[in-house]
Amino acid sequence: TVSQLCSLKYSPKDPNIILGGQFNGQVAYWDTRKGHHAIEVSLVENSHKDPVWDVAWLRSKTGAECLSVSTDGYALFWDIRRLGEPIQRVLLKDKSGGNVHGATTLNYDPQAGPSKFTVGTETGNA
């Protein structure tokens, strides 16, 4: 499905690979050596329900794992080789475990740990 891009990041392992988050909630990736059409796009039913405001590549051996966040309150972990369904869904709750927050920005620092990330929310919290 073609939708407007809200976010994109170049792969740190291969600058020809671009990860994008779309307005319709889907995640896609492109290989600039293969033209301007997406190589693969996540299925609508397994994607975010709101726009994907930020994406990040995760440090991994394959270089194929990534993360997306949305105002739907979820962070989704993906493997671009199989975008049919996310590897994992994380509900973005505050530290007390009560309120769910929609994410508008994402920071992933591999030095902090392979699964540690920070999100900025609609309410201004991190």
# chains A, B, ... in the order shown; residues from 1 in each chain; ligands from 1

call {"tool": "residues_around", "arguments": {"residues": "A:Ile80", "least_positions_apart": "2", "cutoff": "12 Å", "atoms": "only C-alpha atoms", "output": "PyMOL selection string"}}
result
chain A and resi 11+17-20+27-31+38-42+56-58+62-68+77-78+82-87

call {"tool": "select_by_dssp", "arguments": {"residues": "chain A", "states": "strand (DSSP E)", "output": "JSON, numbers by chain"}}
result
{"A": [5, 6, 7, 8, 9, 10, 17, 18, 19, 20, 21, 22, 27, 28, 29, 30, 31, 40, 41, 52, 53, 54, 55, 56, 57, 65, 66, 67, 68, 69, 70, 74, 75, 76, 77, 78, 79, 88, 89, 90, 91, 103, 104, 105, 106, 107, 108, 117, 118, 119, 120, 121]}

call {"tool": "select_by_dssp", "arguments": {"residues": "stretch 26-96 of chain A", "states": "helix (DSSP H, G or I)", "output": "PyMOL selection string"}}
result
chain A and resi 32-34+44-46+80-82

call {"tool": "atom_distance", "arguments": {"atom1": "atom CA of A:Gln22", "atom2": "atom CA of A:Cys6"}}
result
5.4 Å

call {"tool": "atom_distance", "arguments": {"atom1": "atom CA of A:Gly120", "atom2": "atom CA of A:Pro15"}}
result
26.2 Å
